[in-house]
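J.: The file below is query38.txt, compact mmCIF, C-alpha atoms:
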# COMPACT_ATOMS: atom_id res chain seq x y z
CA MET A 720 -41.69 13.36 -90.57
CA ASP A 721 -39.97 11.02 -93.04
CA TYR A 722 -37.32 13.67 -93.39
CA ILE A 723 -36.72 13.79 -89.63
CA ILE A 724 -36.39 9.99 -89.52
CA MET A 725 -33.93 10.11 -92.41
CA ILE A 726 -31.65 12.76 -90.93
CA ALA A 727 -31.85 11.14 -87.49
CA ALA A 728 -30.70 7.84 -89.03
CA MET A 729 -28.01 9.62 -91.04
CA GLY A 730 -26.89 11.38 -87.87
CA ALA A 731 -26.73 8.11 -85.94
CA VAL A 732 -24.58 6.32 -88.53
CA THR A 733 -22.32 9.38 -88.77
CA PHE A 734 -21.94 9.82 -85.02
CA PHE A 735 -21.29 6.17 -84.20
CA PRO A 736 -17.89 5.77 -85.97
CA ARG A 737 -16.78 9.15 -84.61
CA TRP A 738 -17.82 8.33 -81.09
CA MET A 739 -16.93 4.67 -80.51
CA PRO A 740 -13.11 4.94 -80.50
CA LEU A 741 -13.14 8.11 -78.39
CA PHE A 742 -15.53 6.60 -75.88
CA PHE A 743 -13.80 3.22 -75.53
CA LEU A 744 -10.18 3.41 -76.72
CA THR A 745 -9.30 6.25 -74.33
CA ARG A 746 -9.87 3.81 -71.43
CA TYR A 747 -7.23 1.24 -72.38
CA ASN A 748 -3.46 1.12 -72.64
CA LEU A 749 -2.98 0.28 -76.27
CA SER A 750 -0.27 -2.09 -77.41
CA GLY A 751 2.94 -0.81 -79.05
CA TRP A 752 2.37 -1.60 -82.71
CA PHE A 753 -1.20 -0.33 -82.58
CA VAL A 754 -0.02 3.02 -81.15
CA GLU A 755 2.67 3.25 -83.84
CA TRP A 756 0.02 2.52 -86.46
CA LEU A 757 -2.29 5.17 -85.02
CA GLU A 758 0.59 7.68 -85.06
CA LEU A 759 1.19 7.14 -88.77
CA LEU A 760 -2.51 7.17 -89.59
CA PRO A 761 -3.03 10.97 -89.70
CA ALA A 762 -0.25 11.49 -92.29
CA SER A 763 -1.74 8.62 -94.30
CA ILE A 764 -5.29 9.93 -94.12
CA LEU A 765 -4.29 13.46 -95.08
CA ALA A 766 -2.22 12.25 -98.05
CA ALA A 767 -5.00 9.87 -99.10
CA ILE A 768 -7.55 12.70 -99.09
CA LEU A 769 -5.29 15.33 -100.64
CA ILE A 770 -3.30 13.65 -103.44
CA PRO A 771 -6.23 12.12 -105.38
CA ALA A 772 -8.00 15.50 -105.16
CA LEU A 773 -4.99 17.09 -106.86
CA VAL A 774 -4.29 14.61 -109.63
CA THR A 775 -7.58 12.96 -110.52
CA SER A 776 -10.80 14.39 -111.92
CA GLY A 777 -14.11 13.37 -113.39
CA GLU A 778 -16.62 10.67 -112.55
CA PRO A 779 -15.50 7.92 -113.03
CA ARG A 780 -12.15 9.34 -111.99
CA CYS A 781 -9.26 9.67 -114.44
CA LEU A 782 -5.64 10.59 -113.89
CA ASP A 783 -5.26 14.30 -114.66
CA MET A 784 -1.89 15.58 -113.51
CA PHE A 785 -2.00 19.07 -114.95
CA ARG A 786 -5.01 20.63 -113.32
CA PRO A 787 -4.92 24.13 -111.80
CA GLU A 788 -5.41 22.39 -108.43
CA MET A 789 -2.05 20.65 -108.95
CA TRP A 790 -0.18 23.69 -110.28
CA VAL A 791 -1.29 25.83 -107.37
CA ALA A 792 -0.45 23.06 -104.89
CA ILE A 793 3.29 23.38 -105.63
CA PRO A 794 3.83 27.03 -104.55
CA THR A 795 1.28 26.52 -101.76
CA PHE A 796 3.29 23.54 -100.51
CA ILE A 797 6.51 25.56 -100.58
CA PHE A 798 4.86 28.44 -98.73
CA ALA A 799 3.50 26.06 -96.08
CA LEU A 800 6.88 24.39 -95.69
CA ALA A 801 8.63 27.75 -95.26
CA THR A 802 6.13 29.51 -92.98
CA ARG A 803 4.26 26.67 -91.22
CA SER A 804 1.32 29.03 -91.06
CA LEU A 805 -2.06 27.37 -91.54
CA GLY A 806 -4.04 30.57 -92.07
CA GLY A 807 -1.37 32.05 -94.34
CA THR A 808 -1.28 28.91 -96.45
CA VAL A 809 -5.05 28.97 -96.88
CA ILE A 810 -4.96 32.61 -98.02
CA VAL A 811 -1.98 32.10 -100.37
CA GLY A 812 -3.56 28.98 -101.88
CA MET A 813 -6.86 30.75 -102.45
CA VAL A 814 -5.28 33.82 -104.06
CA LEU A 815 -3.04 31.72 -106.33
CA PHE A 816 -5.92 29.49 -107.35
CA TRP A 817 -8.08 32.51 -108.05
CA LEU A 818 -5.34 34.14 -110.15
CA VAL A 819 -4.71 30.95 -112.11
CA ARG A 820 -8.44 30.42 -112.72
CA THR A 821 -8.98 34.04 -113.71
CA TRP A 822 -5.92 34.81 -115.83
CA ILE A 823 -4.37 31.60 -117.09
CA ILE A 824 -6.88 28.78 -117.49
CA MET B 1103 -24.61 27.01 -74.90
CA PHE B 1104 -22.69 24.22 -73.22
CA LEU B 1105 -19.37 25.75 -74.27
CA MET B 1106 -20.07 28.74 -72.07
CA LYS B 1107 -20.64 26.63 -68.96
CA PRO B 1108 -18.34 27.85 -66.19
CA THR B 1109 -15.49 25.38 -65.66
CA THR B 1110 -13.43 24.80 -62.55
CA GLN B 1111 -11.14 27.62 -63.67
CA PRO B 1112 -13.48 30.31 -64.96
CA ALA B 1113 -10.59 32.71 -65.60
CA ASN B 1114 -9.21 30.24 -68.14
CA ALA B 1115 -12.42 29.56 -70.02
CA GLY B 1116 -12.35 32.76 -72.03
CA ARG B 1117 -8.82 32.17 -73.16
CA LYS B 1118 -9.53 28.60 -74.17
CA LEU B 1119 -12.53 29.79 -76.13
CA ALA B 1120 -10.44 32.41 -77.93
CA GLN B 1121 -7.59 30.00 -78.69
CA GLY B 1122 -9.97 27.32 -79.95
CA ALA B 1123 -11.79 29.80 -82.17
CA ALA B 1124 -8.47 31.12 -83.52
CA ALA B 1125 -7.43 27.58 -84.46
CA ALA B 1126 -10.78 27.00 -86.15
CA TRP B 1127 -10.80 29.99 -88.49
CA PRO B 1128 -9.03 28.32 -91.45
CA ILE B 1129 -11.64 25.55 -91.23
CA CYS B 1130 -14.43 28.13 -91.17
CA LEU B 1131 -13.01 29.86 -94.22
CA GLY B 1132 -13.00 26.55 -96.04
CA TYR B 1133 -16.52 25.60 -94.92
CA LEU B 1134 -18.06 28.85 -96.08
CA PRO B 1135 -18.06 28.17 -99.86
CA ILE B 1136 -18.82 24.47 -99.43
CA GLY B 1137 -21.66 25.22 -97.04
CA LEU B 1138 -23.11 27.82 -99.40
CA ALA B 1139 -22.82 25.40 -102.32
CA PHE B 1140 -24.52 22.70 -100.27
CA GLY B 1141 -27.34 25.07 -99.37
CA VAL B 1142 -27.92 25.95 -103.01
CA LEU B 1143 -28.02 22.28 -104.05
CA ALA B 1144 -30.25 21.27 -101.14
CA GLN B 1145 -32.66 24.06 -101.92
CA LYS B 1146 -32.78 22.95 -105.56
CA ALA B 1147 -33.49 19.40 -104.32
CA GLY B 1148 -36.57 20.78 -102.58
CA LEU B 1149 -35.39 21.28 -98.99
CA THR B 1150 -36.36 24.35 -97.01
CA PRO B 1151 -33.66 26.36 -95.17
CA PHE B 1152 -35.08 24.93 -91.93
CA GLN B 1153 -34.66 21.36 -93.20
CA ILE B 1154 -31.16 22.21 -94.40
CA GLY B 1155 -30.27 23.52 -90.94
CA LEU B 1156 -31.69 20.40 -89.28
CA MET B 1157 -29.58 18.18 -91.51
CA SER B 1158 -26.44 20.19 -90.76
CA ILE B 1159 -27.11 19.86 -87.02
CA PHE B 1160 -28.03 16.16 -87.04
CA VAL B 1161 -25.47 14.93 -89.53
CA PHE B 1162 -22.67 17.53 -89.75
CA ALA B 1163 -20.71 15.73 -92.47
CA GLY B 1164 -20.11 17.64 -95.67
CA SER B 1165 -19.56 14.93 -98.25
CA SER B 1166 -22.37 12.66 -97.09
CA GLN B 1167 -24.79 15.59 -96.94
CA PHE B 1168 -23.97 16.38 -100.57
CA ILE B 1169 -24.49 12.76 -101.54
CA ALA B 1170 -27.72 12.48 -99.54
CA VAL B 1171 -29.16 15.56 -101.23
CA SER B 1172 -28.26 14.35 -104.72
CA MET B 1173 -29.79 10.95 -103.87
CA LEU B 1174 -32.92 12.69 -102.56
CA ALA B 1175 -33.15 14.68 -105.78
CA ALA B 1176 -32.85 11.40 -107.69
CA GLY B 1177 -35.72 9.95 -105.65
CA ALA B 1178 -33.71 7.48 -103.53
CA SER B 1179 -35.37 5.97 -100.45
CA LEU B 1180 -34.26 6.07 -96.83
CA MET B 1181 -32.17 2.92 -96.53
CA PRO B 1182 -29.79 3.51 -99.45
CA ILE B 1183 -29.22 7.10 -98.28
CA VAL B 1184 -28.47 6.01 -94.71
CA MET B 1185 -26.20 3.16 -95.85
CA THR B 1186 -24.27 5.46 -98.16
CA THR B 1187 -23.86 8.00 -95.35
CA PHE B 1188 -22.47 5.26 -93.14
CA MET B 1189 -19.94 4.14 -95.77
CA VAL B 1190 -18.84 7.65 -96.61
CA ASN B 1191 -18.21 8.52 -92.96
CA LEU B 1192 -16.54 5.30 -91.90
CA ARG B 1193 -13.15 7.00 -92.29
CA HIS B 1194 -13.91 8.96 -89.11
CA LEU B 1195 -13.52 5.68 -87.21
CA LEU B 1196 -9.82 5.88 -88.04
CA MET B 1197 -9.56 9.57 -87.16
CA SER B 1198 -11.29 9.16 -83.80
CA SER B 1199 -8.99 6.22 -83.03
CA SER B 1200 -5.92 8.38 -83.64
CA LEU B 1201 -7.38 11.16 -81.50
CA ALA B 1202 -8.23 8.64 -78.78
CA ALA B 1203 -4.56 7.64 -78.59
CA LEU B 1204 -3.71 11.26 -77.70
CA LEU B 1205 -6.57 11.85 -75.26
CA GLY B 1206 -6.40 10.15 -71.91
CA LYS B 1207 -9.12 9.43 -69.40
CA GLU B 1208 -11.25 12.48 -70.06
CA SER B 1209 -14.88 12.89 -69.09
CA ARG B 1210 -17.02 10.71 -71.32
CA LEU B 1211 -19.56 13.48 -71.77
CA LYS B 1212 -16.85 15.77 -73.15
CA LEU B 1213 -15.47 12.99 -75.33
CA SER B 1214 -18.96 12.35 -76.73
CA LEU B 1215 -19.54 16.05 -77.45
CA PHE B 1216 -16.13 16.14 -79.07
CA ALA B 1217 -16.86 13.02 -81.16
CA TYR B 1218 -19.92 14.71 -82.64
CA GLY B 1219 -17.67 17.32 -84.25
CA VAL B 1220 -14.92 15.06 -85.63
CA THR B 1221 -14.57 15.91 -89.33
CA ASP B 1222 -11.61 15.57 -91.70
CA GLU B 1223 -10.72 19.18 -91.04
CA SER B 1224 -11.21 19.42 -87.28
CA PHE B 1225 -9.44 16.09 -86.87
CA ALA B 1226 -6.36 17.36 -88.69
CA VAL B 1227 -6.25 20.66 -86.81
CA ASN B 1228 -6.81 19.05 -83.40
CA TYR B 1229 -4.46 16.15 -83.99
CA THR B 1230 -1.65 18.55 -84.87
CA ARG B 1231 -2.28 20.63 -81.74
CA LEU B 1232 -3.05 17.88 -79.22
CA GLY B 1233 0.57 16.81 -79.48
CA ASN B 1234 1.47 20.09 -77.72
CA ASP B 1235 1.20 20.64 -74.00
CA ALA B 1236 -0.62 23.91 -74.56
CA TRP B 1237 -3.60 22.18 -76.16
CA ASP B 1238 -6.35 20.13 -74.53
CA LEU B 1239 -9.78 18.61 -75.05
CA ASP B 1240 -11.55 21.86 -74.09
CA ARG B 1241 -9.83 23.81 -76.83
CA SER B 1242 -10.45 20.96 -79.28
CA LEU B 1243 -14.13 21.06 -78.36
CA VAL B 1244 -14.21 24.75 -79.21
CA VAL B 1245 -12.53 24.03 -82.57
CA ASN B 1246 -15.12 21.37 -83.43
CA HIS B 1247 -18.14 23.37 -82.42
CA THR B 1248 -16.95 26.62 -83.99
CA ALA B 1249 -16.55 24.73 -87.25
CA ASN B 1250 -19.95 23.13 -86.74
CA LEU B 1251 -21.58 26.52 -86.16
CA MET B 1252 -19.96 27.88 -89.31
CA TRP B 1253 -21.20 24.86 -91.27
CA LEU B 1254 -24.74 25.37 -89.95
CA ILE B 1255 -24.74 29.09 -90.77
CA SER B 1256 -23.22 28.72 -94.23
CA THR B 1257 -25.49 25.84 -95.31
CA VAL B 1258 -28.64 27.67 -94.20
CA ALA B 1259 -27.39 30.90 -95.81
CA GLY B 1260 -26.76 28.93 -99.01
CA GLY B 1261 -30.38 27.75 -98.91
CA TYR B 1262 -31.58 31.38 -98.74
CA PHE B 1263 -29.27 33.25 -101.10
CA GLY B 1264 -26.34 31.06 -102.18
CA HIS B 1265 -27.46 31.36 -105.79
CA LEU B 1266 -26.52 35.06 -105.73
CA ILE B 1267 -22.83 34.34 -105.15
CA PRO B 1268 -20.62 33.44 -108.13
CA ALA B 1269 -19.38 29.86 -107.85
CA HIS B 1270 -15.62 30.35 -107.78
CA ALA B 1271 -15.26 33.80 -106.21
CA PHE B 1272 -11.80 34.62 -104.80
CA GLY B 1273 -10.49 31.09 -105.16
CA ILE B 1274 -12.31 30.23 -101.95
CA ASP B 1275 -13.05 26.76 -103.31
CA TYR B 1276 -9.33 26.05 -102.86
CA ALA B 1277 -9.34 26.91 -99.14
CA LEU B 1278 -9.69 23.35 -97.82
CA THR B 1279 -7.14 21.95 -100.29
CA ALA B 1280 -4.58 24.55 -99.18
CA MET B 1281 -5.41 23.73 -95.57
CA PHE B 1282 -4.81 20.02 -96.12
CA ILE B 1283 -1.47 20.79 -97.78
CA CYS B 1284 -0.30 22.66 -94.68
CA LEU B 1285 -1.74 20.10 -92.26
CA LEU B 1286 0.02 17.31 -94.15
CA ILE B 1287 3.31 19.18 -93.74
CA PHE B 1288 2.65 19.45 -89.99
CA GLN B 1289 2.49 15.63 -89.92
CA MET B 1290 5.89 15.23 -91.63
CA LYS B 1291 7.67 14.82 -88.32
CA ASN B 1292 10.25 12.24 -89.41
CA ARG B 1293 11.36 10.18 -92.39
CA ILE B 1294 8.96 7.35 -91.67
CA ALA B 1295 6.03 9.77 -91.66
CA VAL B 1296 7.13 11.27 -95.00
CA LEU B 1297 7.54 7.81 -96.50
CA THR B 1298 4.15 6.72 -95.17
CA ALA B 1299 2.48 9.80 -96.65
CA VAL B 1300 4.09 9.14 -100.05
CA VAL B 1301 2.92 5.52 -99.97
CA ALA B 1302 -0.58 6.63 -98.90
CA GLY B 1303 -0.73 9.22 -101.68
CA ILE B 1304 0.28 6.74 -104.39
CA LEU B 1305 -2.00 3.99 -103.06
CA ALA B 1306 -4.91 6.42 -102.78
CA VAL B 1307 -4.50 7.62 -106.37
CA VAL B 1308 -4.32 4.05 -107.70
CA LEU B 1309 -7.33 2.94 -105.64
CA ALA B 1310 -9.28 6.09 -106.51
CA LEU B 1311 -8.84 5.25 -110.19
CA VAL B 1312 -10.05 1.66 -109.87
CA ILE B 1313 -12.82 1.77 -107.26
CA PRO B 1314 -15.79 4.16 -107.27
CA GLY B 1315 -16.85 6.12 -104.19
CA ASN B 1316 -14.48 7.22 -101.46
CA ALA B 1317 -13.45 3.84 -100.01
CA TYR B 1318 -9.96 4.57 -101.34
CA ILE B 1319 -9.32 6.95 -98.42
CA VAL B 1320 -9.89 4.30 -95.75
CA LEU B 1321 -8.16 1.49 -97.66
CA ALA B 1322 -5.08 3.53 -98.59
CA SER B 1323 -4.73 4.97 -95.06
CA ILE B 1324 -4.98 1.59 -93.31
CA LEU B 1325 -2.50 0.00 -95.72
CA ALA B 1326 0.00 2.86 -95.81
CA ALA B 1327 0.11 3.27 -92.02
CA TRP B 1328 0.61 -0.48 -91.71
CA ILE B 1329 3.43 -0.41 -94.28
CA GLY B 1330 4.92 2.51 -92.33
CA VAL B 1331 4.93 0.47 -89.11
CA MET B 1332 6.54 -2.48 -90.91
CA ILE B 1333 9.31 -0.25 -92.30
CA LYS B 1334 9.85 1.37 -88.92
CA ARG B 1335 10.13 -2.00 -87.17
CA ALA B 1336 12.37 -3.44 -89.89
CA GLY B 1337 14.73 -0.48 -89.48
CA ARG B 1338 15.27 -1.08 -85.75
What does this structure look like when you write it as structure tokens?

T.:
Amino acid sequence: MDYIIMIAAMGAVTFFPRWMPLFFLTRYNLSGWFVEWLELLPASILAAILIPALVTSGEPRCLDMFRPEMWVAIPTFIFALATRSLGGTVIVGMVLFWLVRTWII
Amino acid sequence: MFLMKPTTQPANAGRKLAQGAAAAWPICLGYLPIGLAFGVLAQKAGLTPFQIGLMSIFVFAGSSQFIAVSMLAAGASLMPIVMTTFMVNLRHLLMSSSLAALLGKESRLKLSLFAYGVTDESFAVNYTRLGNDAWDLDRSLVVNHTANLMWLISTVAGGYFGHLIPAHAFGIDYALTAMFICLLIFQMKNRIAVLTAVVAGILAVVLALVIPGNAYIVLASILAAWIGVMIKRAGR
């Protein structure tokens, strides 16, 4: 029972930030700068999630530029830029990472 | 399931379902190893596969589920676990706001069902596609709930037999990173966007090095997007 209460509470605090903007913001005409900000937000979020994952490691985190994650990211990036294929990029990234992990490092 | 409910154009529903599922498969591929790993950890922390499945349904948030399970294993009580979950998932407030700017006056039931499935991955896939005329909330709903189903299946499977699978098989632990690389490229629509992403990346690395936890994602995103707007307006 305690477990149910815990996951229900976890679910509530997870759902609320996901739900509030979609439920309310879609009803208003947003002002110009706010829309511009929202348009730049996805690129910011993706970079902010991705880049630290490539160049930092450990807990507490340290700068670590030469990880296999970073090496593999370069050809994966080029492949994605050239093909613009999401599925293809995922496969190429996986295979390269697997090869690097298995044969090099 | 609610996804199968006949819509006003029943002939279209099947196609939307297929297109949504096709867009979701890279996410599913990425969720598989993470879900399995989560299942293994959760099982080691003393959760049954049934409890694991319940958590995946109620919470559906990878990183906070991992943290919750490690806190449970360490004997943490309810409030710290719930508070940590809230902090870890606060970034979705930003993602849902961006999605809201693309979605107009849709049915609030659909928007709520959609909100339940907003994750880093589904957000990025849907945001990229919602800019196109050929994409809509229905297809986005399918993306979210296909990913959710995959998460549920893989976490429960991990609880049963995840320990049998070698940890780094086939480089599958790189799937989500590769996906984010491609999704980031999709967002590079103009010079301001590229500049903003560079600023966000640098800020995020610096903040990640100085503050513990994942607050760096929210802080760096808010700041970088704001700097981007300033640069854009200054250039006019």

J.: Within 8 Å of (-1.5, 29.8, -103.8) (coordinates as in the file), grab all the protein and nucleic acid residues, counting only C-alpha atoms, and write them out as number ranges by chain.

T.: A: 791-792, 794-795, 808-816; B: 1280

J.: Sorted by chain and rising residue number, list the residues of region 732-823 of chain A at most 12 Å from region 1155-1160 of chain B (counting all atoms listed in the file), each with its closest atom pair and distance in Å to one decimal, as a tab-separated table.

T.:
residue	atom	partner	partner_atom	distance
A:Val732	CA	B:Phe1160	CA	10.5
A:Thr733	CA	B:Phe1160	CA	9.0
A:Phe734	CA	B:Phe1160	CA	9.0

J.: Sorted by chain and rising residue number, list the residues of chain B at most 7 Å from chain A (counting all atoms listed in the file), each with its closest atom pair and distance in Å to one decimal, as JSON lines.

T.:
{"residue": "B:Pro1128", "atom": "CA", "partner": "A:Gly806", "partner_atom": "CA", "distance": 5.5}
{"residue": "B:Met1157", "atom": "CA", "partner": "A:Ile726", "partner_atom": "CA", "distance": 5.8}
{"residue": "B:Phe1160", "atom": "CA", "partner": "A:Gly730", "partner_atom": "CA", "distance": 5.0}
{"residue": "B:Val1161", "atom": "CA", "partner": "A:Gly730", "partner_atom": "CA", "distance": 4.2}
{"residue": "B:Leu1180", "atom": "CA", "partner": "A:Met725", "partner_atom": "CA", "distance": 6.0}
{"residue": "B:Val1184", "atom": "CA", "partner": "A:Met729", "partner_atom": "CA", "distance": 5.2}
{"residue": "B:Thr1187", "atom": "CA", "partner": "A:Met729", "partner_atom": "CA", "distance": 6.2}
{"residue": "B:Phe1188", "atom": "CA", "partner": "A:Val732", "partner_atom": "CA", "distance": 5.2}
{"residue": "B:Asn1191", "atom": "CA", "partner": "A:Thr733", "partner_atom": "CA", "distance": 5.9}
{"residue": "B:Leu1192", "atom": "CA", "partner": "A:Pro736", "partner_atom": "CA", "distance": 6.1}
{"residue": "B:His1194", "atom": "CA", "partner": "A:Arg737", "partner_atom": "CA", "distance": 5.3}
{"residue": "B:Leu1195", "atom": "CA", "partner": "A:Pro736", "partner_atom": "CA", "distance": 4.5}
{"residue": "B:Ser1198", "atom": "CA", "partner": "A:Arg737", "partner_atom": "CA", "distance": 5.5}
{"residue": "B:Ser1199", "atom": "CA", "partner": "A:Pro740", "partner_atom": "CA", "distance": 5.0}
{"residue": "B:Ser1200", "atom": "CA", "partner": "A:Leu757", "partner_atom": "CA", "distance": 5.0}
{"residue": "B:Ala1202", "atom": "CA", "partner": "A:Leu741", "partner_atom": "CA", "distance": 5.0}
{"residue": "B:Ala1203", "atom": "CA", "partner": "A:Thr745", "partner_atom": "CA", "distance": 6.5}
{"residue": "B:Leu1205", "atom": "CA", "partner": "A:Thr745", "partner_atom": "CA", "distance": 6.3}
{"residue": "B:Gly1206", "atom": "CA", "partner": "A:Thr745", "partner_atom": "CA", "distance": 5.4}
{"residue": "B:Lys1207", "atom": "CA", "partner": "A:Thr745", "partner_atom": "CA", "distance": 5.9}
{"residue": "B:Arg1210", "atom": "CA", "partner": "A:Phe742", "partner_atom": "CA", "distance": 6.3}
{"residue": "B:Leu1213", "atom": "CA", "partner": "A:Leu741", "partner_atom": "CA", "distance": 6.2}
{"residue": "B:Ser1214", "atom": "CA", "partner": "A:Trp738", "partner_atom": "CA", "distance": 6.0}
{"residue": "B:Ala1217", "atom": "CA", "partner": "A:Trp738", "partner_atom": "CA", "distance": 4.8}
{"residue": "B:Tyr1218", "atom": "CA", "partner": "A:Phe734", "partner_atom": "CA", "distance": 5.8}
{"residue": "B:Val1220", "atom": "CA", "partner": "A:Arg737", "partner_atom": "CA", "distance": 6.3}
{"residue": "B:Phe1272", "atom": "CA", "partner": "A:Trp817", "partner_atom": "CA", "distance": 5.4}
{"residue": "B:Gly1273", "atom": "CA", "partner": "A:Trp817", "partner_atom": "CA", "distance": 4.0}
{"residue": "B:Ile1274", "atom": "CA", "partner": "A:Met813", "partner_atom": "CA", "distance": 5.5}
{"residue": "B:Tyr1276", "atom": "CA", "partner": "A:Met813", "partner_atom": "CA", "distance": 5.3}
{"residue": "B:Ala1277", "atom": "CA", "partner": "A:Val809", "partner_atom": "CA", "distance": 5.3}
{"residue": "B:Thr1279", "atom": "CA", "partner": "A:Leu769", "partner_atom": "CA", "distance": 6.9}
{"residue": "B:Ala1280", "atom": "CA", "partner": "A:Val809", "partner_atom": "CA", "distance": 5.0}
{"residue": "B:Met1281", "atom": "CA", "partner": "A:Val809", "partner_atom": "CA", "distance": 5.4}
{"residue": "B:Phe1282", "atom": "CA", "partner": "A:Leu769", "partner_atom": "CA", "distance": 6.5}
{"residue": "B:Ile1283", "atom": "CA", "partner": "A:Phe796", "partner_atom": "CA", "distance": 6.1}
{"residue": "B:Cys1284", "atom": "CA", "partner": "A:Ala799", "partner_atom": "CA", "distance": 5.3}
{"residue": "B:Leu1286", "atom": "CA", "partner": "A:Leu765", "partner_atom": "CA", "distance": 5.9}
{"residue": "B:Ile1287", "atom": "CA", "partner": "A:Leu800", "partner_atom": "CA", "distance": 6.6}
{"residue": "B:Gln1289", "atom": "CA", "partner": "A:Ala762", "partner_atom": "CA", "distance": 5.5}
{"residue": "B:Ala1295", "atom": "CA", "partner": "A:Leu759", "partner_atom": "CA", "distance": 6.2}
{"residue": "B:Thr1298", "atom": "CA", "partner": "A:Ser763", "partner_atom": "CA", "distance": 6.2}
{"residue": "B:Ala1299", "atom": "CA", "partner": "A:Ser763", "partner_atom": "CA", "distance": 5.0}
{"residue": "B:Ala1302", "atom": "CA", "partner": "A:Ser763", "partner_atom": "CA", "distance": 5.1}
{"residue": "B:Gly1303", "atom": "CA", "partner": "A:Ala766", "partner_atom": "CA", "distance": 5.0}
{"residue": "B:Ala1306", "atom": "CA", "partner": "A:Ala767", "partner_atom": "CA", "distance": 5.0}
{"residue": "B:Val1307", "atom": "CA", "partner": "A:Pro771", "partner_atom": "CA", "distance": 4.9}
{"residue": "B:Ala1310", "atom": "CA", "partner": "A:Pro771", "partner_atom": "CA", "distance": 6.9}
{"residue": "B:Leu1311", "atom": "CA", "partner": "A:Arg780", "partner_atom": "CA", "distance": 5.6}
{"residue": "B:Pro1314", "atom": "CA", "partner": "A:Pro779", "partner_atom": "CA", "distance": 6.9}
{"residue": "B:Ile1319", "atom": "CA", "partner": "A:Ala767", "partner_atom": "CA", "distance": 5.3}
{"residue": "B:Ala1322", "atom": "CA", "partner": "A:Ala767", "partner_atom": "CA", "distance": 6.4}
{"residue": "B:Ser1323", "atom": "CA", "partner": "A:Ser763", "partner_atom": "CA", "distance": 4.8}
{"residue": "B:Ala1326", "atom": "CA", "partner": "A:Ser763", "partner_atom": "CA", "distance": 6.2}
{"residue": "B:Ala1327", "atom": "CA", "partner": "A:Leu759", "partner_atom": "CA", "distance": 5.2}
{"residue": "B:Trp1328", "atom": "CA", "partner": "A:Trp756", "partner_atom": "CA", "distance": 6.1}
{"residue": "B:Gly1330", "atom": "CA", "partner": "A:Leu759", "partner_atom": "CA", "distance": 6.9}
{"residue": "B:Val1331", "atom": "CA", "partner": "A:Trp756", "partner_atom": "CA", "distance": 5.9}

J.: Near Asn1246 (chain B), counting only C-alpha atoms, which residues have an atom at most 7 Å away, once you skip same-chain residues fewer than 6 positions from it, shown as an MDAnalysis selection string?

T.: chainID B and resid 1216 1219:1220 1224

J.: Which distance in Å separates CA of Ala1125 (chain B) and CA of Val1227 (chain B), to one decimal?

T.: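 Going from CA of Ala1125 (chain B) over to CA of Val1227 (chain B) covers 7.4 Å.
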
J.: Give the centre and edge lengths of an axis-aligned box, in Å to one decimal, that holds all listed atoms of region 787-795 of chain A with 6 Å on each side, as lines of an AutoDock Vina configuration file.

T.:
center_x = -0.8
center_y = 23.8
center_z = -106.8
size_x = 21.2
size_y = 18.4
size_z = 22.0

J.: State, in Å with one decimal place, the distance from CA of Arg1193 (chain B) to CA of Val1300 (chain B).

T.: 19.0 Å

J.: Go ahead and compute the interatomic distance for CA of Ala1147 (chain B) and CA of Gly1164 (chain B), in Å to one decimal.

T.: 16.0 Å

J.: Which residues are near Ile1267 (chain B)? Cut-off 12 Å, all atoms listed in the file, ignore same chain within fewer than 3 positions. Put them as a VMD selection string.

T.: chain B and resid 1134 to 1135 1138 to 1139 1141 to 1142 1259 to 1264 1270 to 1272 1274
